[in-house]
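Q: As input, take final.cif (mmCIF, C-alpha atoms):
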data_start
#
loop_
_atom_site.label_atom_id
_atom_site.label_comp_id
_atom_site.auth_asym_id
_atom_site.auth_seq_id
_atom_site.Cartn_x
_atom_site.Cartn_y
_atom_site.Cartn_z
CA MET A 1 2.90 -7.07 -22.57
CA ASN A 2 3.59 -8.91 -19.35
CA ALA A 3 1.65 -11.94 -18.18
CA PHE A 4 1.22 -12.49 -14.48
CA THR A 5 -0.45 -15.04 -12.33
CA LEU A 6 -3.55 -13.74 -10.61
CA SER A 7 -3.16 -13.22 -6.88
CA PHE A 8 -6.40 -14.45 -5.40
CA ALA A 9 -7.38 -13.30 -1.94
CA PHE A 10 -10.69 -15.08 -1.48
CA LEU A 11 -12.50 -13.53 1.45
CA ARG A 12 -15.85 -15.22 1.85
CA ARG A 13 -18.78 -13.14 2.96
CA VAL A 14 -19.32 -14.48 6.46
CA GLN A 15 -20.81 -12.90 9.53
CA ALA A 16 -19.57 -9.36 9.98
CA THR A 17 -18.18 -10.11 13.43
CA ALA A 18 -16.03 -12.97 12.18
CA LEU A 19 -14.79 -10.93 9.25
CA LEU A 20 -14.01 -8.06 11.58
CA ALA A 21 -11.92 -10.29 13.81
CA ALA A 22 -9.96 -11.62 10.84
CA THR A 23 -9.36 -8.13 9.50
CA LEU A 24 -7.96 -6.86 12.74
CA VAL A 25 -5.16 -9.42 12.68
CA MET A 26 -4.37 -9.43 8.96
CA PRO A 27 -2.57 -6.32 7.61
CA VAL A 28 -3.78 -4.93 4.30
CA ALA A 29 -1.03 -5.86 1.86
CA VAL A 30 -1.75 -3.67 -1.14
CA HIS A 31 -2.98 -0.15 -1.75
CA ALA A 32 -4.23 1.24 -5.06
CA GLY A 33 -1.90 4.08 -5.86
CA GLN A 34 -0.89 4.71 -2.26
CA THR A 35 2.13 4.13 -0.11
CA CYS A 36 2.12 1.21 2.32
CA ASP A 37 1.55 2.87 5.66
CA ARG A 38 1.29 -0.05 8.02
CA SER A 39 -0.94 1.25 10.78
CA GLU A 40 -3.33 -0.65 12.97
CA PRO A 41 -6.88 -0.45 11.62
CA ARG A 42 -9.37 1.33 13.86
CA GLU A 43 -12.21 -0.92 14.95
CA ALA A 44 -14.89 1.71 14.36
CA ALA A 45 -13.62 2.38 10.84
CA VAL A 46 -13.45 -1.34 10.04
CA ARG A 47 -17.02 -1.83 11.21
CA GLN A 48 -18.16 1.04 8.98
CA GLN A 49 -16.30 -0.45 6.02
CA LEU A 50 -17.85 -3.87 6.63
CA ASP A 51 -21.30 -2.33 6.92
CA MET A 52 -20.66 -0.60 3.61
CA ALA A 53 -19.66 -3.92 2.05
CA VAL A 54 -22.81 -5.63 3.30
CA LYS A 55 -25.00 -2.76 2.05
CA THR A 56 -23.27 -2.93 -1.34
CA ILE A 57 -23.86 -6.68 -1.59
CA ASP A 58 -27.52 -6.20 -0.72
CA ARG A 59 -27.91 -3.55 -3.43
CA LEU A 60 -26.08 -5.70 -5.96
CA ASN A 61 -28.29 -8.68 -5.19
CA ALA A 62 -31.39 -6.53 -5.55
CA SER A 63 -30.19 -5.24 -8.92
CA GLY A 64 -30.29 -8.71 -10.46
CA ALA A 65 -26.87 -8.12 -12.03
CA GLU A 66 -24.17 -10.76 -12.33
CA VAL A 67 -21.25 -8.48 -13.30
CA VAL A 68 -20.87 -4.73 -12.73
CA VAL A 69 -18.24 -2.04 -12.89
CA ILE A 70 -17.77 -0.59 -9.40
CA GLY A 71 -15.93 2.53 -8.29
CA ARG A 72 -14.97 3.84 -4.87
CA VAL A 73 -13.86 7.18 -3.42
CA GLY A 74 -10.40 6.03 -2.38
CA GLN A 75 -8.78 9.46 -2.62
CA ASP A 76 -10.01 13.05 -2.57
CA LEU A 77 -9.81 14.15 -6.21
CA SER A 78 -12.24 17.06 -5.92
CA LYS A 79 -9.60 19.65 -6.83
CA TYR A 80 -9.29 17.91 -10.19
CA GLY A 81 -13.04 17.77 -10.73
CA GLN A 82 -13.18 14.00 -10.19
CA ARG A 83 -15.29 12.01 -7.73
CA TYR A 84 -14.30 8.34 -7.87
CA SER A 85 -10.66 7.28 -7.84
CA HIS A 86 -10.56 3.51 -8.31
CA LEU A 87 -12.42 0.98 -10.46
CA GLY A 88 -12.88 -2.76 -10.49
CA PHE A 89 -15.19 -5.44 -11.83
CA ALA A 90 -17.54 -7.06 -9.31
CA TYR A 91 -19.16 -10.39 -10.10
CA ARG A 92 -21.51 -12.78 -8.37
CA GLU A 93 -20.59 -16.41 -7.80
CA GLY A 94 -23.08 -18.48 -5.86
CA GLY A 95 -24.21 -16.31 -2.99
CA SER A 96 -21.04 -14.23 -2.87
CA TRP A 97 -19.67 -11.16 -4.66
CA PHE A 98 -16.02 -10.71 -5.56
CA VAL A 99 -14.06 -7.79 -6.97
CA VAL A 100 -11.34 -8.18 -9.60
CA HIS A 101 -9.11 -5.12 -9.83
CA LYS A 102 -5.58 -3.91 -10.42
CA LEU A 103 -3.59 -2.73 -7.39
CA ASN A 104 -0.32 -0.89 -7.05
CA GLU A 105 2.18 -2.79 -4.91
CA CYS A 106 2.69 -0.48 -1.95
CA GLY A 107 3.80 2.66 -3.74
CA THR A 108 6.27 0.89 -6.04
CA ALA A 109 6.23 1.07 -9.83
CA LEU A 110 4.70 -2.43 -9.98
CA SER A 111 1.17 -3.78 -9.90
CA ASN A 112 -0.86 -6.96 -10.11
CA ILE A 113 -4.42 -8.16 -10.55
CA TYR A 114 -6.25 -9.24 -7.40
CA GLU A 115 -9.54 -10.91 -6.67
CA GLN A 116 -10.95 -9.94 -3.28
CA GLY A 117 -14.11 -10.09 -1.27
CA MET A 118 -16.32 -7.03 -1.10
CA GLY A 119 -15.19 -6.37 2.46
CA GLN A 120 -11.58 -5.95 1.38
CA PHE A 121 -12.59 -3.63 -1.44
CA PHE A 122 -13.67 -1.01 1.10
CA MET A 123 -10.78 -1.55 3.55
CA ASP A 124 -8.10 0.27 1.58
CA ASP A 125 -8.26 3.33 3.87
CA PRO A 126 -10.82 5.13 1.68
CA PHE A 127 -11.19 8.89 1.80
CA GLN A 128 -14.96 8.45 1.89
CA LEU A 129 -17.29 5.47 1.94
CA GLU A 130 -19.20 5.80 -1.31
CA ALA A 131 -19.53 3.53 -4.31
CA TYR A 132 -20.82 4.00 -7.84
CA VAL A 133 -22.11 0.90 -9.60
CA SER A 134 -22.53 0.75 -13.37
CA VAL A 135 -24.70 -2.17 -14.50
CA PRO A 136 -23.91 -3.20 -18.10
CA ARG A 137 -26.51 -4.64 -20.42
CA PRO A 138 -27.04 -8.39 -19.74
CA GLU A 139 -25.28 -9.59 -22.89
CA ILE A 140 -22.27 -7.42 -22.03
CA GLN A 141 -22.20 -8.79 -18.48
CA SER A 142 -21.66 -12.26 -19.97
CA ARG A 143 -18.72 -11.00 -22.03
CA LEU A 144 -17.20 -9.28 -19.03
CA ARG A 145 -17.53 -12.38 -16.87
CA GLU A 146 -15.59 -14.37 -19.43
CA ALA A 147 -12.91 -11.66 -19.68
CA ILE A 148 -12.22 -11.62 -15.92
CA ARG A 149 -12.14 -15.35 -15.33
CA ARG A 150 -8.93 -16.91 -14.02
CA GLY A 151 -6.37 -16.98 -16.77
CA GLN A 152 -8.21 -14.25 -18.71
CA ALA A 153 -8.10 -11.25 -16.39
CA THR A 154 -4.41 -10.64 -17.05
CA ALA A 155 -4.80 -10.54 -20.84
CA MET A 156 -4.61 -6.72 -20.89
CA HIS A 157 -2.46 -6.35 -17.79
CA ASP A 158 0.94 -4.69 -17.71
CA GLN A 159 2.94 -4.79 -14.49
CA SER A 160 4.58 -1.37 -15.03
CA TYR A 161 2.44 0.94 -12.93
CA ASN A 162 1.99 4.69 -13.20
CA MET A 163 -0.81 6.44 -11.36
CA LEU A 164 -1.05 9.02 -14.15
CA ALA A 165 -0.37 6.78 -17.14
CA TYR A 166 -1.15 8.29 -20.54
CA PRO A 167 -4.24 6.51 -21.93
CA TRP A 168 -2.87 6.21 -25.47
CA ALA A 169 0.51 4.69 -24.62
CA THR A 170 1.64 1.28 -23.35
CA ARG A 171 4.77 2.15 -21.38
CA TYR A 172 2.80 2.06 -18.14
CA GLN A 173 -0.68 1.14 -17.00
CA GLN A 174 -2.77 2.35 -14.10
CA SER A 175 -5.70 0.65 -12.39
CA ASN A 176 -8.56 2.37 -14.22
CA GLN A 177 -6.75 1.97 -17.53
CA TRP A 178 -6.68 -1.80 -17.02
CA VAL A 179 -10.46 -1.74 -16.51
CA ASP A 180 -10.94 0.31 -19.68
CA GLU A 181 -8.70 -1.93 -21.77
CA THR A 182 -10.20 -5.12 -20.32
CA LEU A 183 -13.62 -3.76 -21.22
CA ALA A 184 -12.42 -3.34 -24.83
CA HIS A 185 -11.11 -6.90 -24.84
CA ALA A 186 -14.45 -8.18 -23.52
CA MET A 187 -16.41 -6.29 -26.16
CA GLU A 188 -14.14 -7.47 -28.97
CA PRO A 189 -12.45 -10.78 -27.96
CA GLN A 190 -10.21 -10.66 -31.03
CA ILE A 191 -8.37 -7.75 -29.40
CA ALA A 192 -5.09 -9.27 -28.32
CA THR A 193 -2.86 -6.30 -27.42
CA ARG A 194 -3.12 -3.12 -25.42
CA GLU A 195 -2.52 -1.11 -28.59
CA GLN A 196 -5.60 -2.71 -30.16
CA ALA A 197 -7.66 -2.11 -27.01
CA GLN A 198 -6.68 1.56 -27.00
CA ALA A 199 -7.51 1.88 -30.71
CA TRP A 200 -10.98 0.44 -30.03
CA LEU A 201 -11.54 2.84 -27.13
CA LYS A 202 -10.48 5.81 -29.24
CA PHE A 203 -12.72 4.67 -32.12
CA LYS A 204 -15.68 4.34 -29.75
CA GLY A 205 -15.13 7.86 -28.45
CA TYR A 206 -13.58 7.33 -25.04
CA GLU A 207 -12.35 10.68 -23.68
CA PRO A 208 -9.78 10.64 -20.87
CA ALA A 209 -9.85 13.21 -18.12
CA VAL A 210 -7.52 16.19 -18.35
CA LEU A 211 -5.85 17.13 -15.08
CA ASN A 212 -4.24 20.54 -14.79
CA LEU A 213 -1.02 19.97 -12.86
CA GLY A 214 1.54 22.68 -12.18
CA PRO A 215 5.25 22.11 -12.91
CA MET A 216 6.12 21.72 -9.23
CA THR A 217 3.47 19.05 -8.81
CA ARG A 218 4.86 17.17 -11.78
CA LEU A 219 8.44 17.54 -10.58
CA GLY A 220 7.63 16.51 -7.02
CA GLY A 221 5.65 13.50 -8.15
CA ARG A 222 8.39 12.21 -10.41
CA MET A 223 11.17 12.77 -7.90
CA PHE A 224 9.57 11.40 -4.78
CA LYS A 225 6.99 8.82 -5.83
CA ALA A 226 7.89 5.62 -7.62
CA ASN A 227 4.33 5.15 -8.86
CA ILE A 228 4.07 8.49 -10.68
CA ALA A 229 5.72 9.27 -14.03
CA PHE A 230 5.10 11.67 -16.90
CA ASP A 231 7.53 10.47 -19.54
CA ASP A 232 4.84 8.60 -21.48
CA HIS A 233 2.88 11.81 -22.09
CA PRO A 234 3.41 13.87 -25.27
CA ASN A 235 5.76 16.77 -24.57
CA GLU A 236 3.35 19.39 -25.89
CA LYS A 237 0.75 18.29 -23.35
CA ARG A 238 3.08 17.49 -20.48
CA PHE A 239 4.84 20.86 -20.54
CA ALA A 240 1.51 22.64 -20.87
CA ASP A 241 0.58 20.96 -17.57
CA ARG A 242 -2.37 19.20 -19.19
CA ILE A 243 -2.12 15.60 -18.06
CA GLU A 244 -4.54 13.19 -19.71
CA THR A 245 -5.23 10.02 -17.77
CA THR A 246 -7.91 7.38 -17.23
CA THR A 247 -10.14 8.31 -14.34
CA ALA A 248 -13.07 6.39 -12.94
CA ASP A 249 -15.40 9.26 -13.78
CA SER A 250 -14.29 9.28 -17.41
CA VAL A 251 -14.87 5.53 -17.71
CA PHE A 252 -18.36 5.83 -16.21
CA ALA A 253 -19.14 8.62 -18.69
CA PHE A 254 -17.94 6.37 -21.53
CA LEU A 255 -20.15 3.48 -20.37
CA GLN A 256 -23.17 5.76 -20.42
CA LYS A 257 -22.36 7.44 -23.74
CA THR A 258 -21.86 4.17 -25.60
CA GLY A 259 -24.92 2.45 -24.16
CA ILE A 260 -22.81 -0.24 -22.53
CA GLU A 261 -24.39 0.77 -19.23
CA GLU A 262 -28.00 -0.22 -18.71
CA SER A 263 -28.38 1.49 -15.32
CA HIS A 264 -26.35 2.79 -12.39
CA PHE A 265 -26.73 3.63 -8.72
CA VAL A 266 -24.74 5.19 -5.90
CA ILE A 267 -24.27 3.52 -2.52
CA ARG A 268 -23.55 5.43 0.69
CA PRO A 269 -23.53 4.31 4.32
#
Mind turning the file's structure into structure tokens?
A:
Amino acid sequence: MNAFTLSFAFLRRVQATALLAATLVMPVAVHAGQTCDRSEPREAAVRQQLDMAVKTIDRLNASGAEVVVIGRVGQDLSKYGQRYSHLGFAYREGGSWFVVHKLNECGTALSNIYEQGMGQFFMDDPFQLEAYVSVPRPEIQSRLREAIRRGQATAMHDQSYNMLAYPWATRYQQSNQWVDETLAHAMEPQIATREQAQAWLKFKGYEPAVLNLGPMTRLGGRMFKANIAFDDHPNEKRFADRIETTTADSVFAFLQKTGIEESHFVIRP
């Protein structure tokens, strides 16, 4: 278990025009499970992303929630039967909403926990502007808020990043896995290790997604991408090209099945 200082990127929700101007001069520094392609953001795309952020904030305010689990369509995972690619916790503080999530450091095998404004959450070059919001029961929202406070959000964090980390191992950790394990820690504060968090998730019936990857896909990923590895997966599953990993869709299904979720809604432009 590695402990890391939270990197806070506080982006206050100001007028969209001011935020747009700031975004156009500040490069996006981190990408969840993507390489760092430093290209100039397109103004039209940035405006759409900011509009999406404002619409999301309006829907969150209307929901009456204080803490939610939010997912975005960062990558096209349709060929694997998955819709949402990246999860985070969004919470309200005063009149603003912030997202706490785990991000891969520019295609390396490292990661960290970041707190960002809602605008930044949608500026990670998403495949499609769409969000899924899971609203936990009120008493669970309180537990989650405590678990993602400064100094607490890294309790279940491991810096070693693998986009396809095996859910029942601790050699690596991917972004959605951190959300899942942090959820376990919030539900049972006595959980102090990732092994204990995974045991709780298994006991409660969490079922990871199974991705069918061919041998060439596995080989290419391991050889050419620092943020993809398969050596934490059991051999009998890995060589059968059945890769189990923590997807956003599988976490949302778990929240519904266990009754942790009180309601949910989808946000589109």
Q: Residues near Phe252 in chain A, anyone? I mean within 9 Å using all atoms listed in the file, not counting same-chain ones fewer than 4 positions away, as a list in words.
A: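 So the residues in contact are Val69, Gly71, Tyr132, Ser134, Thr247, Ala248, Gln256, Lys257 and Glu261 of chain A.
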Q: Assuming the chain letters and numbering stay as they are in my file, what does the PyMOL selection byres ((chain A and resi 99) around 9) actually select? List them as a VMD selection string.
A: chain A and resid 70 88 to 91 97 to 98 100 to 101 114 to 118 120 to 121
Q: Can you write just those residues out, C-alpha atoms, as a short mmCIF file (atom, residue, chain, number, x, y, z; two decimals), in the frame of the given file?
A:
data_model
loop_
_atom_site.label_atom_id
_atom_site.label_comp_id
_atom_site.auth_asym_id
_atom_site.auth_seq_id
_atom_site.Cartn_x
_atom_site.Cartn_y
_atom_site.Cartn_z
CA ILE A 70 -17.77 -0.59 -9.40
CA GLY A 88 -12.88 -2.76 -10.49
CA PHE A 89 -15.19 -5.44 -11.83
CA ALA A 90 -17.54 -7.06 -9.31
CA TYR A 91 -19.16 -10.39 -10.10
CA TRP A 97 -19.67 -11.16 -4.66
CA PHE A 98 -16.02 -10.71 -5.56
CA VAL A 100 -11.34 -8.18 -9.60
CA HIS A 101 -9.11 -5.12 -9.83
CA TYR A 114 -6.25 -9.24 -7.40
CA GLU A 115 -9.54 -10.91 -6.67
CA GLN A 116 -10.95 -9.94 -3.28
CA GLY A 117 -14.11 -10.09 -1.27
CA MET A 118 -16.32 -7.03 -1.10
CA GLN A 120 -11.58 -5.95 1.38
CA PHE A 121 -12.59 -3.63 -1.44
#
Q: In Å, rounded to a single decimal, give me how far CA of Phe265 in chain A is from CA of Phe127 in chain A.
A: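 Separation of CA of Phe127 in chain A and CA of Phe265 in chain A: 19.5 Å.
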Q: List, as a short mmCIF file (atom, residue, chain, number, x, y, z; two decimals) with C-alpha atoms, keeping the file's coordinate frame, every residue that the PyMOL selection byres ((chain A and resi 203-213) around 6) selects in the file provided.
A:
data_model
loop_
_atom_site.label_atom_id
_atom_site.label_comp_id
_atom_site.auth_asym_id
_atom_site.auth_seq_id
_atom_site.Cartn_x
_atom_site.Cartn_y
_atom_site.Cartn_z
CA TRP A 200 -10.98 0.44 -30.03
CA LEU A 201 -11.54 2.84 -27.13
CA LYS A 202 -10.48 5.81 -29.24
CA GLY A 214 1.54 22.68 -12.18
CA ASP A 241 0.58 20.96 -17.57
CA ARG A 242 -2.37 19.20 -19.19
CA ILE A 243 -2.12 15.60 -18.06
CA GLU A 244 -4.54 13.19 -19.71
CA THR A 245 -5.23 10.02 -17.77
CA THR A 246 -7.91 7.38 -17.23
CA SER A 250 -14.29 9.28 -17.41
CA PHE A 254 -17.94 6.37 -21.53
#
Q: Let me know the residues the PyMOL selection byres ((chain A and resi 172) around 6) catches in the file above, as a list in words.
A: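 Matching residues under the PyMOL selection byres ((chain A and resi 172) around 6) are Ser160, Tyr161, Asn162, Ala165, Thr170, Arg171 and Gln173 of chain A.
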Q: Between CA of Arg72 in chain A and CA of Val266 in chain A, what distance in Å does the model show, to one decimal?
A: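 A separation of 9.9 Å between them.
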Q: To one decimal place in Å, what is the distance between CA of Leu144 in chain A and CA of Leu50 in chain A?
A: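 Calculated distance between CA of Leu144 in chain A and CA of Leu50 in chain A is 26.2 Å.
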Q: Counting all atoms listed in the file, which of A:Leu164, A:Val179, A:Ala153, A:Ile267 gets nearest to Glu130 in chain A?
A: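 Looking at the shortest contact to Glu130 in chain A, the residue is A:Ile267.
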Q: Excluding Ser63 in chain A and any residue of its chain fewer than 6 positions from it, enumerate the residues within 10 Å of it, using all atoms listed in the file, and give them as a PyMOL selection string.
A: chain A and resi 57+135+263-265
Q: Counting only C-alpha atoms, which of A:Ala192, A:Asp180, A:Ala109, A:Asp124 gets nearest to Ala229 in chain A?
A: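 Distance minimum relative to Ala229 in chain A lands on A:Ala109.
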Q: So, with all atoms listed in the file as the atoms that count, which of A:Met123, A:Val68, A:Ala44, A:Ile113 lies closest to Leu183 in chain A?
A: A:Val68
Q: Would you pick out the contacts of range 75-77 of chain A at 8 Å or less, using all atoms listed in the file, so that residues sharing its chain but fewer than 3 positions from it are not included, and give the list as a list in words?
A: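 Here the qualifying residues turn out to be Tyr80, Gly81, Gln82, Arg83, Tyr84, Ser85, Pro126, Phe127 and Gln128 of chain A.
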Q: With all atoms listed in the file as the counted atoms, please give the residues lying no more than 9 Å from Ala65 in chain A, apart from itself and same-chain residues fewer than 3 positions off, as a list in words.
A: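 Result of the neighbour search: Leu60, Asn61, Ala62, Val68, Tyr91, Arg92, Val135, Pro136, Pro138 and Gln141 of chain A.
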Q: Could you pull range 63-118 of chain A out of the block above and give me C-alpha atoms, as a short mmCIF file (atom, residue, chain, number, x, y, z; two decimals), in the first residue's frame?
A:
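Resulting contents of part-v2.cif:
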data_model
loop_
_atom_site.label_atom_id
_atom_site.label_comp_id
_atom_site.auth_asym_id
_atom_site.auth_seq_id
_atom_site.Cartn_x
_atom_site.Cartn_y
_atom_site.Cartn_z
CA SER A 63 -31.30 15.93 -7.15
CA GLY A 64 -30.71 17.17 -3.60
CA ALA A 65 -27.67 14.89 -3.31
CA GLU A 66 -24.46 15.83 -1.52
CA VAL A 67 -22.26 12.96 -2.79
CA VAL A 68 -22.72 10.79 -5.88
CA VAL A 69 -20.83 8.28 -7.97
CA ILE A 70 -20.42 9.70 -11.47
CA GLY A 71 -19.27 7.99 -14.66
CA ARG A 72 -18.36 9.34 -18.09
CA VAL A 73 -17.95 7.90 -21.58
CA GLY A 74 -14.25 8.63 -21.88
CA GLN A 75 -13.50 5.81 -24.32
CA ASP A 76 -15.54 3.73 -26.76
CA LEU A 77 -15.91 0.36 -25.02
CA SER A 78 -18.93 -0.83 -27.01
CA LYS A 79 -17.05 -3.79 -28.51
CA TYR A 80 -16.63 -5.09 -24.96
CA GLY A 81 -20.28 -4.54 -24.07
CA GLN A 82 -19.48 -1.61 -21.76
CA ARG A 83 -20.84 1.93 -21.83
CA TYR A 84 -19.03 4.06 -19.25
CA SER A 85 -15.26 3.97 -18.93
CA HIS A 86 -14.31 6.13 -15.94
CA LEU A 87 -15.70 6.69 -12.45
CA GLY A 88 -15.27 9.27 -9.73
CA PHE A 89 -16.98 10.62 -6.64
CA ALA A 90 -18.66 14.02 -6.99
CA TYR A 91 -19.51 16.04 -3.90
CA ARG A 92 -21.07 19.39 -3.15
CA GLU A 93 -19.28 22.00 -1.08
CA GLY A 94 -21.03 25.33 -0.70
CA GLY A 95 -22.39 26.18 -4.11
CA SER A 96 -19.80 24.16 -6.02
CA TRP A 97 -19.36 20.54 -7.09
CA PHE A 98 -16.00 18.78 -7.19
CA VAL A 99 -14.92 15.39 -8.50
CA VAL A 100 -12.41 13.16 -6.69
CA HIS A 101 -11.00 10.46 -8.94
CA LYS A 102 -7.91 8.45 -9.77
CA LEU A 103 -6.01 9.37 -12.94
CA ASN A 104 -3.25 7.65 -14.84
CA GLU A 105 -0.21 9.87 -15.27
CA CYS A 106 0.00 10.33 -19.03
CA GLY A 107 0.18 6.71 -20.13
CA THR A 108 2.79 5.70 -17.54
CA ALA A 109 2.39 2.89 -15.02
CA LEU A 110 1.73 5.46 -12.27
CA SER A 111 -1.37 7.21 -10.98
CA ASN A 112 -2.60 9.63 -8.35
CA ILE A 113 -5.80 10.92 -6.80
CA TYR A 114 -7.05 14.29 -8.03
CA GLU A 115 -9.78 16.66 -7.00
CA GLN A 116 -11.08 18.74 -9.89
CA GLY A 117 -13.94 20.99 -10.83
CA MET A 118 -16.79 19.56 -12.87
#
